[in-house]
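The file target-v1.txt contains compact mmCIF, C-alpha atoms:
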```txt
# COMPACT_ATOMS: atom_id res chain seq x y z
CA MET G 212 26.44 94.80 20.43
CA GLU G 213 23.79 96.92 18.68
CA MET G 214 23.35 94.24 15.99
CA THR G 215 22.63 91.59 18.66
CA MET G 216 19.99 93.89 20.20
CA PHE G 217 18.17 94.34 16.87
CA ILE G 218 17.81 90.60 16.24
CA PRO G 219 15.65 89.93 19.39
CA LEU G 220 13.65 93.08 18.55
CA LEU G 221 12.94 91.75 15.05
CA LEU G 222 11.87 88.40 16.49
CA LEU G 223 9.60 90.16 19.00
CA ILE G 224 7.85 92.15 16.25
CA CYS G 225 7.34 89.02 14.18
CA SER G 226 5.87 87.20 17.23
CA LEU G 227 3.45 90.04 17.94
CA CYS G 228 2.31 90.12 14.33
CA THR G 229 1.72 86.36 14.35
CA ALA G 230 -0.18 86.54 17.61
CA GLN G 231 -2.38 89.33 16.25
CA LEU G 232 -3.17 87.37 13.14
CA GLN G 233 -4.07 84.27 15.16
CA GLY G 234 -6.32 86.32 17.46
CA GLU G 235 -8.75 87.35 14.69
CA PRO G 236 -12.23 85.64 14.91
CA ASP G 237 -11.89 83.91 11.54
CA ASN G 238 -13.67 80.76 12.79
CA GLU G 239 -16.63 82.44 14.54
CA ILE G 240 -19.92 80.47 13.93
CA LEU G 241 -22.76 82.68 12.67
CA PRO G 242 -26.21 81.92 11.46
CA TYR G 243 -26.25 80.96 7.86
CA GLY G 244 -28.09 84.02 6.81
CA ASN G 245 -25.59 86.33 8.48
CA GLN G 246 -22.41 84.64 7.25
CA THR G 247 -22.34 86.47 3.96
CA GLU G 248 -22.97 89.81 5.59
CA SER G 249 -20.35 89.11 8.23
CA GLN G 250 -17.81 88.16 5.65
CA GLU G 251 -18.51 91.33 3.70
CA GLN G 252 -18.13 93.52 6.79
CA LYS G 253 -15.01 91.70 8.14
CA PRO G 254 -12.07 94.16 8.56
CA ALA G 255 -8.77 93.61 6.75
CA HIS G 256 -5.82 91.91 8.53
CA PRO G 257 -3.10 94.23 9.96
CA GLN G 258 -0.34 92.53 7.94
CA PRO G 259 0.91 95.73 6.26
CA THR G 260 1.67 97.28 9.66
CA CYS G 261 3.79 94.29 10.69
CA LEU G 262 5.66 94.31 7.39
CA GLN G 263 6.36 98.02 7.75
CA ASP G 264 7.84 97.41 11.21
CA ILE G 265 9.97 94.58 9.90
CA HIS G 266 11.19 96.72 6.99
CA ALA G 267 12.04 99.53 9.41
CA VAL G 268 14.08 97.17 11.58
CA LEU G 269 15.81 95.74 8.53
CA ARG G 270 16.70 99.25 7.32
CA GLU G 271 18.22 100.07 10.70
CA MET G 272 20.13 96.79 10.67
CA SER G 273 21.42 97.54 7.17
CA ALA G 274 22.57 101.00 8.26
CA LEU G 275 24.27 99.54 11.32
CA LEU G 276 25.93 96.88 9.19
CA ALA G 277 27.28 99.56 6.84
CA GLU G 278 28.67 101.48 9.83
CA GLN G 279 30.33 98.33 11.15
CA LYS G 280 31.89 97.66 7.74
CA VAL G 281 33.36 101.17 7.79
CA GLU G 282 34.67 100.58 11.32
CA ILE G 283 36.17 97.26 10.23
CA ARG G 284 37.98 98.97 7.34
CA LEU G 285 39.27 101.65 9.71
CA LEU G 286 40.44 99.02 12.20
CA LYS G 287 42.15 97.07 9.43
CA SER G 288 43.95 100.21 8.24
CA ASP G 289 44.97 101.01 11.81
CA ASN G 290 46.26 97.44 12.31
CA GLU G 291 48.35 97.70 9.14
CA ALA G 292 49.81 101.00 10.37
CA GLN G 293 50.60 99.46 13.76
CA ALA G 294 52.24 96.46 12.07
CA ALA G 295 54.42 98.77 9.95
CA LYS G 296 55.39 100.72 13.06
CA LEU G 297 56.22 97.46 14.85
CA ARG G 298 58.47 96.38 11.98
CA GLU G 299 60.21 99.76 12.11
CA LEU G 300 60.74 99.40 15.87
CA GLU G 301 62.18 95.92 15.37
CA GLU G 302 64.64 97.27 12.79
CA GLN G 303 65.61 100.08 15.17
CA LYS G 304 66.13 97.51 17.93
CA SER G 305 68.42 95.50 15.67
CA GLU G 306 70.42 98.65 14.89
CA VAL G 307 70.65 99.48 18.61
CA ASP G 308 71.93 95.95 19.32
CA ASN G 309 74.64 96.39 16.67
CA LEU G 310 75.63 99.73 18.17
CA LYS G 311 75.83 98.10 21.62
CA GLN G 312 78.16 95.43 20.25
CA GLN G 313 80.37 98.08 18.64
CA LEU G 314 80.39 100.03 21.90
CA GLN G 315 81.45 96.94 23.82
CA ALA G 316 84.28 96.33 21.34
CA HIS G 317 85.42 99.96 21.62
CA THR G 318 85.21 99.76 25.41
CA ALA G 319 87.42 96.66 25.43
CA GLU G 320 89.90 98.37 23.10
CA LEU G 321 89.91 101.46 25.32
CA SER G 322 90.59 99.30 28.38
CA THR G 323 93.57 97.75 26.60
CA ILE G 324 94.95 101.17 25.65
CA GLN G 325 94.46 102.43 29.20
CA ALA G 326 96.29 99.41 30.57
CA LYS G 327 99.21 100.01 28.21
CA SER G 328 99.21 103.69 29.13
CA LYS G 329 99.34 102.77 32.81
CA VAL G 330 102.34 100.53 32.15
CA THR G 331 104.00 103.38 30.25
CA GLU G 332 103.34 105.85 33.08
CA ASN G 333 104.76 103.44 35.62
CA GLN G 334 107.82 102.91 33.48
CA VAL G 335 108.40 106.65 33.12
CA GLU G 336 108.02 107.15 36.85
CA ALA G 337 110.49 104.36 37.52
CA LEU G 338 113.00 105.93 35.14
CA LYS G 339 112.54 109.32 36.81
CA ARG G 340 113.17 107.79 40.23
CA ASP G 341 116.35 106.20 38.98
CA GLY G 342 117.63 109.62 38.09
CA GLU G 343 119.16 110.84 34.88
CA VAL G 344 120.25 107.99 32.61
CA LYS G 345 123.35 108.53 30.51
CA GLN G 346 123.54 105.23 28.65
CA VAL G 347 120.56 104.01 26.57
CA ALA G 348 120.59 101.46 23.73
CA PHE G 349 118.39 98.63 22.50
CA SER G 350 118.08 96.22 19.60
CA ALA G 351 115.33 93.63 18.94
CA SER G 352 113.84 91.46 16.19
CA LEU G 353 110.17 90.84 15.51
CA LEU G 354 109.68 87.19 16.49
CA ALA G 355 110.89 85.56 19.68
CA ALA G 356 110.97 82.15 17.93
CA GLY G 357 109.75 80.35 14.82
CA SER G 358 108.86 81.65 11.38
CA GLU G 359 105.83 83.79 10.48
CA THR G 360 104.45 86.28 7.98
CA VAL G 361 102.55 89.00 9.85
CA GLY G 362 99.60 90.64 8.08
CA PRO G 363 98.11 91.95 5.97
CA PHE G 364 95.77 94.10 8.12
CA ASN G 365 93.26 96.72 6.98
CA THR G 366 94.55 99.28 9.51
CA TYR G 367 97.85 100.40 11.03
CA THR G 368 99.14 97.84 13.54
CA THR G 369 101.75 98.36 16.25
CA LEU G 370 104.75 96.07 15.81
CA VAL G 371 106.04 94.46 19.01
CA PHE G 372 109.64 93.28 18.66
CA LYS G 373 109.87 90.41 21.13
CA HIS G 374 113.37 89.02 20.62
CA VAL G 375 115.47 91.53 22.57
CA VAL G 376 119.24 91.38 22.00
CA THR G 377 120.22 94.52 23.89
CA ASN G 378 118.24 96.77 26.23
CA ILE G 379 120.65 99.00 28.14
CA GLY G 380 118.70 101.33 30.39
CA ASN G 381 115.49 99.26 29.90
CA ALA G 382 113.89 102.05 27.87
CA TYR G 383 112.44 99.57 25.35
CA ASN G 384 109.40 97.48 26.42
CA PRO G 385 109.14 94.09 24.60
CA ASN G 386 105.52 93.72 25.77
CA THR G 387 104.21 96.89 24.12
CA GLY G 388 106.84 97.61 21.45
CA PHE G 389 107.33 101.15 22.87
CA PHE G 390 110.62 102.91 23.39
CA ILE G 391 110.21 105.61 26.09
CA ALA G 392 112.89 108.28 26.36
CA PRO G 393 114.30 108.33 29.89
CA VAL G 394 116.17 111.63 29.42
CA ARG G 395 116.00 114.63 27.15
CA GLY G 396 118.44 114.13 24.31
CA SER G 397 119.20 113.17 20.74
CA TYR G 398 118.43 109.56 19.80
CA HIS G 399 119.10 107.57 16.65
CA PHE G 400 116.77 104.79 15.42
CA GLU G 401 117.06 102.21 12.61
CA PHE G 402 114.62 99.60 11.34
CA TYR G 403 114.74 96.85 8.70
CA ILE G 404 111.60 95.32 7.17
CA GLY G 405 111.45 92.23 4.94
CA ALA G 406 108.91 89.96 3.27
CA HIS G 407 108.52 87.50 0.42
CA GLY G 408 107.16 89.05 -2.77
CA HIS G 409 103.40 89.17 -3.36
CA ALA G 410 101.35 90.52 -6.25
CA SER G 411 98.86 92.36 -4.03
CA HIS G 412 100.70 93.10 -0.79
CA ALA G 413 103.86 95.06 -0.18
CA SER G 414 106.03 95.09 2.95
CA GLY G 415 106.30 98.25 4.98
CA ALA G 416 106.50 99.92 8.37
CA VAL G 417 106.62 103.50 9.60
CA LEU G 418 108.57 105.04 12.49
CA VAL G 419 106.21 106.84 14.88
CA LYS G 420 106.96 109.48 17.52
CA ASN G 421 104.09 110.28 19.91
CA GLY G 422 101.55 109.24 17.27
CA GLN G 423 103.24 111.19 14.44
CA HIS G 424 104.58 109.35 11.39
CA ILE G 425 108.26 110.16 10.86
CA PHE G 426 109.88 107.89 8.22
CA ILE G 427 108.66 104.83 6.32
CA ALA G 428 110.41 101.74 4.94
CA TYR G 429 108.41 100.28 2.04
CA GLU G 430 109.04 97.68 -0.65
CA HIS G 431 106.70 96.01 -3.17
CA GLN G 432 107.74 93.28 -5.57
CA PRO G 433 105.61 90.45 -6.99
CA SER G 434 108.08 87.64 -6.28
CA HIS G 435 111.25 86.67 -4.38
CA TYR G 436 112.30 88.13 -1.06
CA GLY G 437 112.54 91.89 -0.67
CA SER G 438 113.55 94.19 2.16
CA SER G 439 113.63 97.89 2.98
CA ALA G 440 115.19 100.00 5.72
CA ASN G 441 115.23 103.52 7.13
CA GLY G 442 116.49 105.49 10.09
CA ALA G 443 116.16 108.82 11.86
CA THR G 444 117.76 110.95 14.55
CA LEU G 445 115.17 112.51 16.88
CA LEU G 446 115.23 115.02 19.69
CA LEU G 447 113.16 113.47 22.47
CA GLU G 448 111.84 114.83 25.73
CA VAL G 449 111.48 112.69 28.83
CA GLY G 450 108.51 110.36 28.31
CA ASP G 451 108.35 110.69 24.50
CA VAL G 452 107.30 107.41 22.88
CA VAL G 453 108.83 105.93 19.71
CA PHE G 454 107.63 102.73 18.02
CA LEU G 455 106.96 101.10 14.63
CA ARG G 456 103.61 100.62 12.89
CA GLN G 457 103.01 98.04 10.18
CA TRP G 458 101.73 99.74 7.02
CA VAL G 459 98.15 99.13 5.96
CA ASN G 460 97.60 96.02 3.79
CA SER G 461 101.25 95.00 4.01
CA ARG G 462 103.10 91.78 4.95
CA ILE G 463 106.17 91.45 7.17
CA PHE G 464 108.27 88.30 7.50
CA ASP G 465 110.60 87.12 10.23
CA ASN G 466 112.14 83.86 11.41
CA GLU G 467 115.04 82.55 13.46
CA ASN G 468 117.45 84.51 11.21
CA HIS G 469 115.87 87.80 12.45
CA HIS G 470 115.29 89.65 9.17
CA THR G 471 112.99 92.32 10.64
CA THR G 472 114.64 94.43 13.37
CA PHE G 473 114.27 97.66 15.36
CA SER G 474 117.20 99.40 17.11
CA GLY G 475 117.92 102.71 18.80
CA HIS G 476 120.36 104.43 21.14
CA LEU G 477 121.03 107.72 22.89
CA LEU G 478 123.59 109.90 21.09
CA PHE G 479 123.88 112.58 23.75
CA THR G 480 121.77 114.31 26.37
CA MET G 481 120.60 117.89 26.07
```
Show this structure as structure tokens.
Amino acid sequence: MEMTMFIPLLLLICSLCTAQLQGEPDNEILPYGNQTESQEQKPAHPQPTCLQDIHAVLREMSALLAEQKVEIRLLKSDNEAQAAKLRELEEQKSEVDNLKQQLQAHTAELSTIQAKSKVTENQVEALKRDGEVKQVAFSASLLAAGSETVGPFNTYTTLVFKHVVTNIGNAYNPNTGFFIAPVRGSYHFEFYIGAHGHASHASGAVLVKNGQHIFIAYEHQPSHYGSSANGATLLLEVGDVVFLRQWVNSRIFDNENHHTTFSGHLLFTM
């Protein structure tokens, strides 16, 4: 804005200087005898004054231009800082989006766990309403039909034994894989785990009571079919949960011959 004001001012000074020079009586007609004297007494033109004004304006314009260059450098530096901050905000936004996706996945997993817990609570309440149960026994294999190798997984995975052979007392749930004690007593459990040999992956599962690992069945061989088994007798309170977890990074095989099984029964109440 200041630069645009100086340009008309410079033009105005130049116009005034030109007008002053044109206004001098250079062409005045004098008698011949007085021409020489007039020329000798003629005052000098005021050109130096105009040039000084022009130089002054140019100096001010140069100073203003230097200030504007400094301001431009400052603005450029500020723009670069703002651009860096914008990139940082974009990276933070991307991280927030990833966290939102993880939160949604955890929320879905929590909803699934809550739903299973609700089923378990309802089952316990139903068993309580039925009164004290004296006879409890179940036996099931992993697959309901077909042939499949389950795993490997990079975390512990609950095994759901879907082919139920016996379920006296309905304490075992083939939808969740959980056995829920209907009465306080001593229970015995057995499990058999099998898989074809693999160089990198073993076969294994662990018996779990209320989230606590009890006993494991584990076998690792590079070839041919291998199996392992284990069992335990546990004192359970009403509502205690027993199930099997597949071991991390392991493989478990089952087919119509029912190699992989889970069984349990009540020995006596207490």
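With distances taken over all atoms listed in the file, G:Thr387 is the one residue among G:Asn441, G:Val361, G:Thr387, G:Val449 lying closest to Lys329 of chain G.
Distance-wise, atom CA of Thr366 of chain G and atom CA of Val459 of chain G end up 5.1 Å apart.
Proximity to Val453 of chain G was assessed for G:Asp289, G:Glu271, G:Glu299, G:Glu401 counting all atoms listed in the file; the smallest distance is recorded for G:Glu401.
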Tell me, as a PDB file with C-alpha atoms, in the frame of the given file, which residues lie within 8 Å of Ser397 of chain G, counting only C-alpha atoms; anything in the same chain fewer than 3 positions away does not count.
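Everything below was put into part-v1.pdb:
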```pdb
ATOM      1  CA  THR G 444     117.760 110.950  14.550  1.00  0.00           C
ATOM      2  CA  LEU G 445     115.170 112.510  16.880  1.00  0.00           C
ATOM      3  CA  LEU G 446     115.230 115.020  19.690  1.00  0.00           C
ATOM      4  CA  LEU G 447     113.160 113.470  22.470  1.00  0.00           C
ATOM      5  CA  LEU G 477     121.030 107.720  22.890  1.00  0.00           C
ATOM      6  CA  LEU G 478     123.590 109.900  21.090  1.00  0.00           C
ATOM      7  CA  PHE G 479     123.880 112.580  23.750  1.00  0.00           C
ATOM      8  CA  THR G 480     121.770 114.310  26.370  1.00  0.00           C
ATOM      9  CA  MET G 481     120.600 117.890  26.070  1.00  0.00           C
TER      10      MET G 481
END
```
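Atom CA of Asp465 of chain G to atom CA of Ser358 of chain G spans 5.9 Å [interatomic distance, one decimal].
By chain and then residue number, the residues within 10 Å of segment 376-384 of chain G are G:Val330, G:Thr331, G:Gln334, G:Val335, G:Leu338, G:Val344, G:Lys345, G:Gln346, G:Val347, G:Ala348, G:Phe349, G:Ser350, G:Ala351, G:Ser352, G:Phe390, G:Ile391, G:Ala392, G:Pro393, G:Val394, G:Gly450, G:Val452, G:Val453, G:Phe454, G:Ser474, G:Gly475, G:His476, counting all atoms listed in the file and disregarding those fewer than 6 positions away in sequence.
Atom CA of Lys373 of chain G sits 5.1 Å away from atom CA of Pro385 of chain G.
Those residues that approach Asn365 of chain G to within 12 Å, counting all atoms listed in the file, are His412, Gln457, Trp458, Val459, Asn460, Ser461 and Arg462 of chain G; same-chain residues fewer than 6 positions away are not listed.
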With 8 Å added on each side, what axis-aligned box encloses every listed atom of segment 410-422 of chain G? Give the centre and edge lengths in Å to one decimal, as JSON.
```
{"center_x": 103.7, "center_y": 100.4, "center_z": 6.8, "size_x": 25.7, "size_y": 35.8, "size_z": 42.2}
```
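Taking only C-alpha atoms into account, Arg456 of chain G lies nearest to G:Phe372 out of the set G:Arg395, G:Phe372, G:His409, G:Gln432.
Closest approach to Gly357 of chain G from the set G:Asp308, G:Asn468, G:Ala295, G:Ser322 is made by G:Asn468, with distances taken over all atoms listed in the file.
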Can you tell me, as a VMD selection string, what residues are no more than 7 Å from Tyr429 of chain G when counting all atoms listed in the file, ignoring any on the same chain fewer than 3 positions away? chain G and resid 414 to 416 439
Which protein, DNA or RNA residues have an atom at most 10 Å from (97.5, 101.3, 16.8), counting only C-alpha atoms? List them as a CSV table (one decimal) with C-alpha atoms, keeping the file's coordinate frame.
```csv
chain,number,residue,atom,x,y,z
G,324,ILE,CA,95.0,101.2,25.6
G,366,THR,CA,94.6,99.3,9.5
G,367,TYR,CA,97.8,100.4,11.0
G,368,THR,CA,99.1,97.8,13.5
G,369,THR,CA,101.8,98.4,16.2
G,370,LEU,CA,104.8,96.1,15.8
G,422,GLY,CA,101.6,109.2,17.3
G,455,LEU,CA,107.0,101.1,14.6
G,456,ARG,CA,103.6,100.6,12.9
G,457,GLN,CA,103.0,98.0,10.2
```
Counting all atoms listed in the file, note down every residue that has an atom within 12 Å of the point (115.0, 90.2, 8.5) (file coordinates), as a PyMOL selection string. chain G and resi 351-354+358-360+372+402-407+414+436-440+463-473
